[in-house]
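Novice: upload-v7.cif is reproduced in full below (mmCIF, C-alpha atoms).
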```
data_final
#
loop_
_atom_site.label_atom_id
_atom_site.label_comp_id
_atom_site.auth_asym_id
_atom_site.auth_seq_id
_atom_site.Cartn_x
_atom_site.Cartn_y
_atom_site.Cartn_z
CA MET A 1 0.00 0.00 0.00
CA GLU A 2 2.90 2.32 0.65
CA LYS A 3 4.00 2.00 -2.98
CA TRP A 4 0.46 2.41 -4.27
CA PHE A 5 -0.27 5.56 -2.27
CA GLY A 6 3.25 6.94 -2.48
CA ALA A 7 3.87 7.41 1.25
CA PRO A 8 3.74 5.40 4.49
CA ASP A 9 0.72 5.43 6.80
CA VAL A 10 -1.64 6.96 4.26
CA VAL A 11 -3.84 3.88 4.64
CA ILE A 12 -3.82 1.52 7.64
CA ASP A 13 -4.70 -2.17 7.38
CA GLU A 14 -6.82 -2.77 10.50
CA GLU A 15 -5.97 -6.47 10.66
CA GLU A 16 -6.06 -6.73 14.46
CA PHE A 17 -9.44 -4.97 14.57
CA VAL A 18 -10.98 -7.43 12.12
CA THR A 19 -9.39 -10.44 13.84
CA GLN A 20 -10.76 -9.36 17.21
CA PHE A 21 -14.22 -8.90 15.71
CA ARG A 22 -14.14 -12.42 14.24
CA ILE A 23 -13.25 -13.76 17.70
CA ASP A 24 -15.87 -11.70 19.55
CA SER A 25 -18.61 -12.53 17.03
CA ASN A 26 -17.65 -16.21 16.83
CA THR A 27 -17.40 -16.03 13.02
CA GLN A 28 -13.87 -17.41 12.69
CA SER A 29 -15.15 -20.63 11.13
CA SER A 30 -16.68 -18.81 8.17
CA PRO A 31 -14.34 -18.93 5.15
CA VAL A 32 -15.26 -15.41 4.05
CA TYR A 33 -12.21 -13.13 4.10
CA PHE A 34 -12.25 -9.36 4.28
CA LYS A 35 -10.14 -6.43 5.39
CA LEU A 36 -10.85 -3.02 6.84
CA PHE A 37 -8.73 -0.01 5.92
CA SER A 38 -8.66 3.28 7.80
CA PHE A 39 -7.32 6.68 6.78
CA PRO A 40 -5.51 8.89 9.33
CA SER A 41 -6.35 11.94 7.21
CA ALA A 42 -10.07 11.07 7.35
CA PRO A 43 -10.97 9.95 10.89
CA GLY A 44 -14.11 7.88 11.15
CA VAL A 45 -13.97 6.64 7.57
CA GLY A 46 -13.24 3.00 6.74
CA VAL A 47 -13.16 0.93 3.56
CA MET A 48 -14.11 -2.74 3.73
CA SER A 49 -12.58 -4.94 1.02
CA ILE A 50 -14.04 -8.43 0.48
CA ARG A 51 -11.96 -11.14 -1.19
CA GLY A 52 -13.18 -12.82 -4.36
CA SER A 53 -13.27 -16.53 -5.15
CA GLU A 54 -9.99 -18.32 -4.48
CA THR A 55 -10.92 -21.77 -3.25
CA THR A 56 -13.22 -24.52 -4.48
CA TYR A 57 -15.46 -23.86 -1.51
CA ASP A 58 -15.81 -20.23 -2.61
CA TRP A 59 -17.06 -21.40 -6.00
CA ILE A 60 -19.53 -23.79 -4.32
CA VAL A 61 -20.89 -20.87 -2.29
CA ASN A 62 -21.14 -18.87 -5.51
CA MET A 63 -23.29 -21.60 -7.03
CA GLN A 64 -25.51 -21.96 -3.98
CA LEU A 65 -26.20 -18.23 -3.62
CA TRP A 66 -26.65 -17.40 -7.30
CA SER A 67 -27.66 -20.66 -9.03
CA SER A 68 -31.39 -19.85 -8.83
CA SER A 69 -30.83 -16.42 -10.36
CA GLY A 70 -28.65 -17.88 -13.10
CA LEU A 71 -31.22 -20.56 -13.93
CA ALA A 72 -34.05 -18.03 -14.07
CA GLN A 73 -32.02 -15.79 -16.37
CA PHE A 74 -31.14 -18.70 -18.66
CA VAL A 75 -34.78 -19.77 -18.99
CA LYS A 76 -35.79 -16.17 -19.67
CA TRP A 77 -33.14 -15.76 -22.38
CA ILE A 78 -34.06 -18.93 -24.27
CA THR A 79 -37.82 -18.41 -24.01
CA PRO A 80 -39.54 -16.29 -26.67
CA TYR A 81 -40.82 -13.09 -25.07
CA GLY A 82 -39.00 -14.12 -21.91
CA TRP A 83 -39.00 -10.53 -20.67
CA ILE A 84 -42.67 -10.89 -19.69
CA TRP A 85 -41.51 -12.94 -16.68
CA ASN A 86 -39.37 -10.10 -15.27
CA PRO A 87 -41.93 -8.94 -12.66
CA ILE A 88 -42.23 -12.38 -11.03
CA ILE A 89 -38.63 -13.63 -11.30
CA PRO A 90 -37.59 -12.24 -7.86
CA ASP A 91 -40.56 -14.03 -6.25
CA PHE A 92 -39.78 -17.24 -8.15
CA ILE A 93 -36.19 -17.16 -6.89
CA ARG A 94 -37.43 -16.52 -3.35
CA TRP A 95 -39.71 -19.58 -3.54
CA VAL A 96 -36.89 -21.77 -4.86
CA ASN A 97 -34.49 -20.59 -2.19
CA PHE A 98 -37.08 -21.05 0.54
CA ALA A 99 -36.87 -24.82 0.05
CA GLN A 100 -33.08 -24.64 0.28
CA SER A 101 -32.88 -21.87 2.87
CA PRO A 102 -31.33 -23.85 5.79
CA SER A 103 -28.39 -25.06 3.71
CA ILE A 104 -27.92 -21.72 1.96
CA ARG A 105 -27.99 -19.72 5.17
CA ASN A 106 -25.34 -21.97 6.66
CA VAL A 107 -22.86 -20.91 3.97
CA ALA A 108 -24.06 -17.34 3.39
CA TYR A 109 -20.88 -15.29 3.52
CA TYR A 110 -22.85 -12.04 3.40
CA LYS A 111 -24.28 -12.65 6.87
CA VAL A 112 -20.79 -12.19 8.34
CA THR A 113 -19.94 -9.12 6.27
CA THR A 114 -23.30 -7.47 6.92
CA ARG A 115 -23.00 -8.11 10.64
CA PHE A 116 -19.51 -6.62 10.64
CA VAL A 117 -20.62 -3.37 9.00
CA ASN A 118 -23.72 -3.05 11.19
CA ASP A 119 -21.78 -3.73 14.39
CA VAL A 120 -18.95 -1.34 13.52
CA LEU A 121 -21.37 1.46 12.64
CA ALA A 122 -23.26 0.72 15.87
CA GLY A 123 -20.12 1.37 17.90
CA TYR A 124 -18.16 -1.89 18.06
CA GLY A 125 -14.54 -1.20 18.94
CA GLY A 126 -15.18 2.17 20.53
CA ASN A 127 -17.17 4.17 17.98
CA LEU A 128 -14.17 4.54 15.68
CA TYR A 129 -16.16 4.62 12.44
CA ASP A 130 -19.23 6.53 11.33
CA THR A 131 -18.78 5.88 7.60
CA ILE A 132 -18.02 2.58 5.87
CA ARG A 133 -17.52 2.09 2.14
CA ILE A 134 -17.42 -1.43 0.66
CA THR A 135 -15.62 -2.91 -2.32
CA GLY A 136 -14.82 -6.31 -3.77
CA ALA A 137 -14.36 -8.29 -6.98
CA SER A 138 -16.14 -11.37 -8.35
CA LEU A 139 -17.70 -13.20 -5.38
CA GLY A 140 -16.33 -10.39 -3.20
CA GLY A 141 -18.07 -7.88 -5.44
CA GLY A 142 -21.36 -9.76 -5.17
CA LEU A 143 -21.02 -9.89 -1.39
CA ALA A 144 -20.14 -6.19 -1.35
CA ILE A 145 -23.30 -5.38 -3.32
CA ILE A 146 -25.47 -7.42 -0.94
CA THR A 147 -23.78 -6.04 2.17
CA GLY A 148 -23.94 -2.45 0.95
CA ALA A 149 -27.64 -2.69 0.14
CA GLN A 150 -28.40 -4.31 3.50
CA THR A 151 -26.43 -1.77 5.55
CA ASP A 152 -26.92 1.49 3.60
CA ALA A 153 -23.19 1.59 2.81
CA PHE A 154 -22.13 2.80 -0.63
CA THR A 155 -20.45 0.07 -2.66
CA VAL A 156 -18.13 -0.18 -5.68
CA ALA A 157 -17.63 -3.65 -7.17
CA ILE A 158 -15.60 -5.09 -10.04
CA SER A 159 -17.26 -7.98 -11.88
CA GLY A 160 -19.57 -8.45 -8.92
CA LEU A 161 -22.47 -10.89 -9.23
CA GLY A 162 -25.76 -9.01 -9.08
CA ALA A 163 -28.46 -9.12 -6.43
CA THR A 164 -31.35 -7.53 -8.31
CA LEU A 165 -33.16 -10.75 -9.22
CA GLY A 166 -32.42 -12.56 -5.97
CA ARG A 167 -33.00 -9.59 -3.67
CA LYS A 168 -36.05 -11.17 -1.99
CA ALA A 169 -34.20 -14.42 -1.27
CA PHE A 170 -31.52 -12.88 0.94
CA TYR A 171 -31.98 -12.47 4.68
CA PRO A 172 -32.95 -9.83 5.42
CA PRO A 173 -34.46 -9.11 1.98
CA ILE A 174 -32.90 -6.26 0.04
CA ASP A 175 -34.78 -3.09 -0.83
CA GLU A 176 -34.55 -2.59 -4.60
CA GLU A 177 -34.14 1.15 -4.12
CA LYS A 178 -31.01 0.56 -2.04
CA LEU A 179 -29.54 -1.55 -4.85
CA ASN A 180 -30.44 1.11 -7.40
CA THR A 181 -28.95 4.04 -5.50
CA GLN A 182 -26.05 2.74 -3.39
CA THR A 183 -24.23 0.13 -5.49
CA PHE A 184 -21.99 0.51 -8.53
CA ASN A 185 -20.54 -2.35 -10.58
CA PHE A 186 -17.80 -2.30 -13.23
CA ILE A 187 -18.61 -5.05 -15.75
CA PRO A 188 -16.24 -5.83 -18.65
CA GLU A 189 -17.65 -6.95 -21.96
CA ARG A 190 -17.98 -10.73 -22.32
CA ASP A 191 -17.89 -11.15 -18.54
CA PHE A 192 -20.81 -13.56 -18.31
CA ILE A 193 -20.29 -14.31 -14.63
CA ALA A 194 -20.81 -10.67 -13.61
CA ARG A 195 -24.18 -10.65 -15.39
CA ILE A 196 -25.60 -13.39 -13.18
CA GLY A 197 -28.16 -12.04 -10.77
CA GLY A 198 -29.18 -9.00 -12.79
CA ARG A 199 -27.62 -5.57 -12.98
CA ALA A 200 -28.70 -2.59 -10.92
CA PRO A 201 -28.89 0.73 -12.83
CA PHE A 202 -25.48 2.01 -11.72
CA PHE A 203 -22.91 0.04 -13.71
CA GLN A 204 -20.15 0.73 -16.20
CA ASN A 205 -19.32 -1.58 -19.06
CA GLY A 206 -15.67 -1.76 -20.08
CA GLU A 207 -13.66 -3.19 -22.93
CA CYS A 208 -11.80 -6.47 -22.52
CA THR A 209 -8.52 -7.38 -24.19
CA ALA A 210 -8.86 -11.13 -23.62
CA PRO A 211 -9.04 -13.29 -26.76
CA LYS A 212 -12.55 -14.08 -27.96
CA ASN A 213 -11.97 -17.81 -27.33
CA ASN A 214 -11.07 -17.22 -23.67
CA LEU A 215 -14.44 -17.79 -22.02
CA PHE A 216 -13.52 -16.47 -18.57
CA GLY A 217 -10.64 -14.16 -19.52
CA CYS A 218 -12.72 -11.03 -19.01
CA HIS A 219 -13.70 -12.02 -15.46
CA SER A 220 -10.45 -10.70 -14.02
CA MET A 221 -10.04 -7.97 -11.43
CA TRP A 222 -6.48 -7.34 -12.61
CA ARG A 223 -7.48 -6.99 -16.25
CA SER A 224 -10.27 -4.62 -15.23
CA LEU A 225 -7.86 -2.54 -13.15
CA CYS A 226 -5.53 -2.30 -16.15
CA GLU A 227 -8.42 -1.23 -18.38
CA ILE A 228 -9.53 1.45 -15.91
CA GLN A 229 -6.01 2.81 -15.55
CA TYR A 230 -5.43 2.78 -19.31
CA LYS A 231 -8.69 4.55 -20.16
CA CYS A 232 -9.02 6.86 -17.17
CA GLY A 233 -5.38 7.51 -16.22
CA THR A 234 -3.33 6.41 -13.25
CA TYR A 235 -3.29 9.71 -11.32
CA GLY A 236 0.21 8.95 -10.11
CA ARG A 237 -0.52 5.36 -9.06
CA PRO A 238 1.82 2.59 -10.26
CA VAL A 239 0.73 0.42 -13.17
CA PRO A 240 0.79 -3.35 -12.41
CA CYS A 241 3.46 -5.14 -14.42
CA ARG A 242 0.95 -7.72 -15.63
CA CYS A 243 -0.94 -5.01 -17.53
CA VAL A 244 1.89 -4.98 -20.06
CA GLU A 245 3.39 -8.43 -19.62
CA GLN A 246 0.18 -10.50 -19.55
CA PHE A 247 -2.66 -8.36 -20.87
CA GLY A 248 -0.98 -6.55 -23.77
CA TYR A 249 -1.45 -2.93 -22.69
CA PRO A 250 1.15 -0.40 -23.94
CA LEU A 251 4.02 0.71 -21.74
CA PRO A 252 3.04 3.58 -19.42
CA GLU A 253 4.83 6.91 -19.65
CA ARG A 254 7.82 7.24 -17.35
CA ASN A 255 7.46 9.75 -14.52
CA GLY A 256 10.73 9.04 -12.70
CA THR A 257 14.28 7.83 -13.19
CA ARG A 258 13.46 4.12 -13.60
CA SER A 259 12.01 2.51 -16.68
CA PHE A 260 8.93 0.34 -16.43
CA GLU A 261 11.03 -2.74 -17.24
CA GLN A 262 13.48 -1.95 -14.42
CA ALA A 263 10.68 -1.42 -11.92
CA CYS A 264 9.06 -4.74 -12.87
CA GLN A 265 12.35 -6.61 -12.60
CA GLU A 266 12.90 -5.24 -9.10
CA GLU A 267 9.36 -6.15 -8.05
CA GLU A 268 9.68 -9.67 -9.44
CA ALA A 269 12.98 -10.14 -7.60
CA ALA A 270 11.40 -8.92 -4.35
CA TRP A 271 8.41 -11.24 -4.88
CA ASN A 272 10.64 -14.26 -5.52
CA GLU A 273 12.73 -13.46 -2.47
CA LEU A 274 9.63 -13.17 -0.30
CA PHE A 275 8.34 -16.61 -1.26
CA SER A 276 11.74 -18.30 -1.16
CA LEU A 277 12.13 -17.66 2.56
#
```
Represent the supplied structure as structure tokens.

Specialist:
Amino acid sequence: MEKWFGAPDVVIDEEEFVTQFRIDSNTQSSPVYFKLFSFPSAPGVGVMSIRGSETTYDWIVNMQLWSSSGLAQFVKWITPYGWIWNPIIPDFIRWVNFAQSPSIRNVAYYKVTTRFVNDVLAGYGGNLYDTIRITGASLGGGLAIITGAQTDAFTVAISGLGATLGRKAFYPPIDEEKLNTQTFNFIPERDFIARIGGRAPFFQNGECTAPKNNLFGCHSMWRSLCEIQYKCGTYGRPVPCRCVEQFGYPLPERNGTRSFEQACQEEEAAWNELFSL
């Protein structure tokens, strides 16, 4: 973070705070992983970042939480005049999930993240935060959208699975207005996963440099970050080496004494040294 923000202690990783909450709330057994970042220059403000899918279990949770939405969308797309079912799809998904609700609630990551935000805003830890913003990518983005809508926290997701169609199946149910006014999702073209669940009105489509035959190549937080930096500018932030080396973006303009190649070589050497210990 020091390299990203250009100076030490601009952003603080509140790891001990989150760990203590997981102990106090008895949620250590849940596989969901998230961080809380604070800003010394903005007291009372925190940013919650929720990890995306990394394990097989994460993907199983994905399927359990969003399979009904995905199935309903598929049936709608292949049915002539399928759009006529739009008004009842949320209720249909709620009915399907009601039969599965015990098993789904047991693995619902969002229950932990929503509880964390509610408890922190209610004063857990000594009333340190009065404003929480939420972010995440992929599964983390979907959880961020759900958590933000359930807690009135503004949310920015990258390739997050939607909650519009399944909003009545979550516990507590999500107010559609909260989804429509408090969540934003960056969705690359050909990212089919991020379209599961339905999109709320605030979203931004982006281009994707992945080959057309790469089915899941556009569902990448790193590729999306590279696209955002390339199209919108870096504003002094470093460009990840993989943007050029893996995703084919042009070399960024130099703003210091090192070339991009030199900087990437040094970072790769530091990375290899870290994991060789």

Novice: So, counting only C-alpha atoms, which residue among A:Arg254, A:Arg51, A:Lys212, A:Arg94 is closest to Leu139 of chain A?

Specialist: A:Arg51

Novice: One decimal, in Å: what's the spacing between atom CA of Gly136 of chain A and atom CA of Leu251 of chain A?

Specialist: 27.0 Å

Novice: Neighbours of Lys111 of chain A within 10 Å (all atoms listed in the file; same-chain residues fewer than 2 positions away dropped), as a list of chain:residue names?

Specialist: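 Neighbouring residues, sequence-local ones excluded: A:Thr27, A:Ser30, A:Val32, A:Arg105, A:Asn106, A:Val107, A:Ala108, A:Tyr109, A:Thr113, A:Thr114, A:Arg115, A:Phe116, A:Leu143, A:Ile146, A:Thr147, A:Gln150, A:Phe170, A:Tyr171, A:Pro172.
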
Novice: May I ask for the distance between atom CA of Asn180 of chain A and atom CA of Ala200 of chain A, given in Å to one decimal place?

Specialist: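 Atom-to-atom, atom CA of Asn180 of chain A and atom CA of Ala200 of chain A are spaced 5.4 Å apart.
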
Novice: Go through A:Gln73, A:Thr19, A:Ser38, A:Thr79 and flag the residue nearest Ile193 of chain A, using only C-alpha atoms for the distances.

Specialist: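 Selected residue with least distance to Ile193 of chain A: A:Gln73.
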
Novice: I'd like the interatomic distance between atom CA of Gly233 of chain A and atom CA of Gly256 of chain A, to a tenth of an Å.

Specialist: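 Atom CA of Gly233 of chain A sits 16.6 Å away from atom CA of Gly256 of chain A.
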
Novice: Where does the PyMOL selection byres ((chain A and resi 188) around 12) land in this file, that is, which residues does it pick, as a ChimeraX atom specification?

Specialist: /A:138,157-160,185-187,189-195,203-210,216-228

Novice: Using only C-alpha atoms, determine which residues lie at most 12 Å from Val11 of chain A, disregarding the query and same-chain residues fewer than 6 positions distant; provide the list as a PDB file with C-alpha atoms, keeping the file's coordinate frame.

Specialist:
```pdb
ATOM      1  CA  MET A   1       0.000   0.000   0.000  1.00  0.00           C
ATOM      2  CA  GLU A   2       2.900   2.320   0.650  1.00  0.00           C
ATOM      3  CA  LYS A   3       4.000   2.000  -2.980  1.00  0.00           C
ATOM      4  CA  TRP A   4       0.460   2.410  -4.270  1.00  0.00           C
ATOM      5  CA  PHE A   5      -0.270   5.560  -2.270  1.00  0.00           C
ATOM      6  CA  LEU A  36     -10.850  -3.020   6.840  1.00  0.00           C
ATOM      7  CA  PHE A  37      -8.730  -0.010   5.920  1.00  0.00           C
ATOM      8  CA  SER A  38      -8.660   3.280   7.800  1.00  0.00           C
ATOM      9  CA  PHE A  39      -7.320   6.680   6.780  1.00  0.00           C
ATOM     10  CA  PRO A  40      -5.510   8.890   9.330  1.00  0.00           C
ATOM     11  CA  SER A  41      -6.350  11.940   7.210  1.00  0.00           C
ATOM     12  CA  ALA A  42     -10.070  11.070   7.350  1.00  0.00           C
ATOM     13  CA  PRO A  43     -10.970   9.950  10.890  1.00  0.00           C
ATOM     14  CA  VAL A  45     -13.970   6.640   7.570  1.00  0.00           C
ATOM     15  CA  GLY A  46     -13.240   3.000   6.740  1.00  0.00           C
ATOM     16  CA  VAL A  47     -13.160   0.930   3.560  1.00  0.00           C
TER      17      VAL A  47
END
```

Novice: Expand the PyMOL selection byres ((chain A and resi 182) around 12) into the explicit residue set it covers here, and present it as a PDB file with C-alpha atoms, keeping the file's coordinate frame.

Specialist:
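Written output follows (out-v3.pdb):
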```
ATOM      1  CA  ARG A 133     -17.520   2.090   2.140  1.00  0.00           C
ATOM      2  CA  ILE A 134     -17.420  -1.430   0.660  1.00  0.00           C
ATOM      3  CA  THR A 135     -15.620  -2.910  -2.320  1.00  0.00           C
ATOM      4  CA  ALA A 144     -20.140  -6.190  -1.350  1.00  0.00           C
ATOM      5  CA  ILE A 145     -23.300  -5.380  -3.320  1.00  0.00           C
ATOM      6  CA  ILE A 146     -25.470  -7.420  -0.940  1.00  0.00           C
ATOM      7  CA  THR A 147     -23.780  -6.040   2.170  1.00  0.00           C
ATOM      8  CA  GLY A 148     -23.940  -2.450   0.950  1.00  0.00           C
ATOM      9  CA  ALA A 149     -27.640  -2.690   0.140  1.00  0.00           C
ATOM     10  CA  GLN A 150     -28.400  -4.310   3.500  1.00  0.00           C
ATOM     11  CA  THR A 151     -26.430  -1.770   5.550  1.00  0.00           C
ATOM     12  CA  ASP A 152     -26.920   1.490   3.600  1.00  0.00           C
ATOM     13  CA  ALA A 153     -23.190   1.590   2.810  1.00  0.00           C
ATOM     14  CA  PHE A 154     -22.130   2.800  -0.630  1.00  0.00           C
ATOM     15  CA  THR A 155     -20.450   0.070  -2.660  1.00  0.00           C
ATOM     16  CA  VAL A 156     -18.130  -0.180  -5.680  1.00  0.00           C
ATOM     17  CA  ALA A 157     -17.630  -3.650  -7.170  1.00  0.00           C
ATOM     18  CA  ILE A 174     -32.900  -6.260   0.040  1.00  0.00           C
ATOM     19  CA  ASP A 175     -34.780  -3.090  -0.830  1.00  0.00           C
ATOM     20  CA  GLU A 176     -34.550  -2.590  -4.600  1.00  0.00           C
ATOM     21  CA  GLU A 177     -34.140   1.150  -4.120  1.00  0.00           C
ATOM     22  CA  LYS A 178     -31.010   0.560  -2.040  1.00  0.00           C
ATOM     23  CA  LEU A 179     -29.540  -1.550  -4.850  1.00  0.00           C
ATOM     24  CA  ASN A 180     -30.440   1.110  -7.400  1.00  0.00           C
ATOM     25  CA  THR A 181     -28.950   4.040  -5.500  1.00  0.00           C
ATOM     26  CA  THR A 183     -24.230   0.130  -5.490  1.00  0.00           C
ATOM     27  CA  PHE A 184     -21.990   0.510  -8.530  1.00  0.00           C
ATOM     28  CA  ASN A 185     -20.540  -2.350 -10.580  1.00  0.00           C
ATOM     29  CA  ALA A 200     -28.700  -2.590 -10.920  1.00  0.00           C
ATOM     30  CA  PRO A 201     -28.890   0.730 -12.830  1.00  0.00           C
ATOM     31  CA  PHE A 202     -25.480   2.010 -11.720  1.00  0.00           C
ATOM     32  CA  PHE A 203     -22.910   0.040 -13.710  1.00  0.00           C
TER      33      PHE A 203
END
```

Novice: Under the rule that all atoms listed in the file are counted, which of A:Gly198, A:Pro211, A:Pro250, A:Gly236 is the nearest residue to Asn86 of chain A?

Specialist: A:Gly198

Novice: Once the PyMOL selection byres ((chain A and resi 241-247) around 6) has been applied to the shown file, what residues remain in the selection, as number ranges by chain?

Specialist: A: 226, 240, 248-249, 264

Novice: Next, write the just-selected residues to a file, as an mmCIF file, in the coordinates of the input, keeping C-alpha atoms as the atom set.

Specialist:
```
data_model
loop_
_atom_site.group_PDB
_atom_site.id
_atom_site.type_symbol
_atom_site.label_atom_id
_atom_site.label_comp_id
_atom_site.auth_asym_id
_atom_site.auth_seq_id
_atom_site.Cartn_x
_atom_site.Cartn_y
_atom_site.Cartn_z
ATOM 1 C CA CYS A 226 -5.530 -2.300 -16.150
ATOM 2 C CA PRO A 240 0.790 -3.350 -12.410
ATOM 3 C CA GLY A 248 -0.980 -6.550 -23.770
ATOM 4 C CA TYR A 249 -1.450 -2.930 -22.690
ATOM 5 C CA CYS A 264 9.060 -4.740 -12.870
#
```

Novice: Just checking: using all atoms listed in the file, which residue out of A:Asp9, A:Val61, A:Gly70, A:Asp119 ends up closest to Pro31 of chain A?

Specialist: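 Ranked by minimum distance to Pro31 of chain A, first place goes to A:Val61.
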
Novice: Excluding Gln28 of chain A and its own-chain neighbours fewer than 4 positions away, which residues fall within 12 Å of it when counting only C-alpha atoms? Please give them as a list in words.

Specialist: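 With the cut-off at 12 Å, the set is Val18, Thr19, Gln20, Phe21, Arg22, Ile23, Asp24, Val32, Tyr33, Phe34, Tyr109 and Val112 of chain A.
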
Novice: Please return as a list in words every residue within 10 Å of (-38.0, -17.4, -16.0), taking into account only C-alpha atoms and the file's own coordinates.

Specialist: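 Those within range, by chain then number, are Ser69, Gly70, Leu71, Ala72, Gln73, Phe74, Val75, Lys76, Trp77, Ile78, Thr79, Gly82, Trp83, Ile84, Trp85, Asn86, Pro87, Ile88, Ile89, Pro90, Phe92 and Ile93 of chain A.
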
Novice: Please, could N, CA, C and O atoms be added to segment 129-141 of chain A and the result written as a PDB file, keeping the file's coordinate frame?

Specialist:
```pdb
ATOM      1  N   TYR A 129     -15.747   4.385  13.820  1.00  0.00           N
ATOM      2  CA  TYR A 129     -16.160   4.620  12.440  1.00  0.00           C
ATOM      3  C   TYR A 129     -17.617   5.069  12.377  1.00  0.00           C
ATOM      4  O   TYR A 129     -18.486   4.490  13.020  1.00  0.00           O
ATOM      5  N   ASP A 130     -17.856   6.105  11.600  1.00  0.00           N
ATOM      6  CA  ASP A 130     -19.230   6.530  11.330  1.00  0.00           C
ATOM      7  C   ASP A 130     -19.568   6.400   9.852  1.00  0.00           C
ATOM      8  O   ASP A 130     -20.713   6.622   9.450  1.00  0.00           O
ATOM      9  N   THR A 131     -18.560   6.054   9.033  1.00  0.00           N
ATOM     10  CA  THR A 131     -18.780   5.880   7.600  1.00  0.00           C
ATOM     11  C   THR A 131     -17.987   4.675   7.112  1.00  0.00           C
ATOM     12  O   THR A 131     -16.784   4.581   7.364  1.00  0.00           O
ATOM     13  N   ILE A 132     -18.664   3.750   6.455  1.00  0.00           N
ATOM     14  CA  ILE A 132     -18.020   2.580   5.870  1.00  0.00           C
ATOM     15  C   ILE A 132     -18.351   2.526   4.381  1.00  0.00           C
ATOM     16  O   ILE A 132     -19.509   2.664   3.987  1.00  0.00           O
ATOM     17  N   ARG A 133     -17.332   2.349   3.565  1.00  0.00           N
ATOM     18  CA  ARG A 133     -17.520   2.090   2.140  1.00  0.00           C
ATOM     19  C   ARG A 133     -17.052   0.654   1.875  1.00  0.00           C
ATOM     20  O   ARG A 133     -16.144   0.163   2.543  1.00  0.00           O
ATOM     21  N   ILE A 134     -17.686  -0.012   0.894  1.00  0.00           N
ATOM     22  CA  ILE A 134     -17.420  -1.430   0.660  1.00  0.00           C
ATOM     23  C   ILE A 134     -16.997  -1.649  -0.781  1.00  0.00           C
ATOM     24  O   ILE A 134     -17.507  -1.007  -1.703  1.00  0.00           O
ATOM     25  N   THR A 135     -16.054  -2.573  -0.974  1.00  0.00           N
ATOM     26  CA  THR A 135     -15.620  -2.910  -2.320  1.00  0.00           C
ATOM     27  C   THR A 135     -15.262  -4.397  -2.369  1.00  0.00           C
ATOM     28  O   THR A 135     -15.080  -5.046  -1.345  1.00  0.00           O
ATOM     29  N   GLY A 136     -15.176  -4.916  -3.584  1.00  0.00           N
ATOM     30  CA  GLY A 136     -14.820  -6.310  -3.770  1.00  0.00           C
ATOM     31  C   GLY A 136     -14.881  -6.659  -5.250  1.00  0.00           C
ATOM     32  O   GLY A 136     -15.366  -5.874  -6.078  1.00  0.00           O
ATOM     33  N   ALA A 137     -14.366  -7.828  -5.591  1.00  0.00           N
ATOM     34  CA  ALA A 137     -14.360  -8.290  -6.980  1.00  0.00           C
ATOM     35  C   ALA A 137     -14.877  -9.720  -7.049  1.00  0.00           C
ATOM     36  O   ALA A 137     -14.640 -10.517  -6.139  1.00  0.00           O
ATOM     37  N   SER A 138     -15.592 -10.030  -8.121  1.00  0.00           N
ATOM     38  CA  SER A 138     -16.140 -11.370  -8.350  1.00  0.00           C
ATOM     39  C   SER A 138     -17.083 -11.729  -7.196  1.00  0.00           C
ATOM     40  O   SER A 138     -18.018 -10.978  -6.902  1.00  0.00           O
ATOM     41  N   LEU A 139     -16.869 -12.856  -6.532  1.00  0.00           N
ATOM     42  CA  LEU A 139     -17.700 -13.200  -5.380  1.00  0.00           C
ATOM     43  C   LEU A 139     -17.649 -12.076  -4.351  1.00  0.00           C
ATOM     44  O   LEU A 139     -18.676 -11.716  -3.766  1.00  0.00           O
ATOM     45  N   GLY A 140     -16.454 -11.502  -4.136  1.00  0.00           N
ATOM     46  CA  GLY A 140     -16.330 -10.390  -3.200  1.00  0.00           C
ATOM     47  C   GLY A 140     -17.152  -9.191  -3.628  1.00  0.00           C
ATOM     48  O   GLY A 140     -17.708  -8.465  -2.800  1.00  0.00           O
ATOM     49  N   GLY A 141     -17.248  -8.964  -4.946  1.00  0.00           N
ATOM     50  CA  GLY A 141     -18.070  -7.880  -5.440  1.00  0.00           C
ATOM     51  C   GLY A 141     -19.547  -8.140  -5.220  1.00  0.00           C
ATOM     52  O   GLY A 141     -20.309  -7.237  -4.844  1.00  0.00           O
TER      53      GLY A 141
END
```
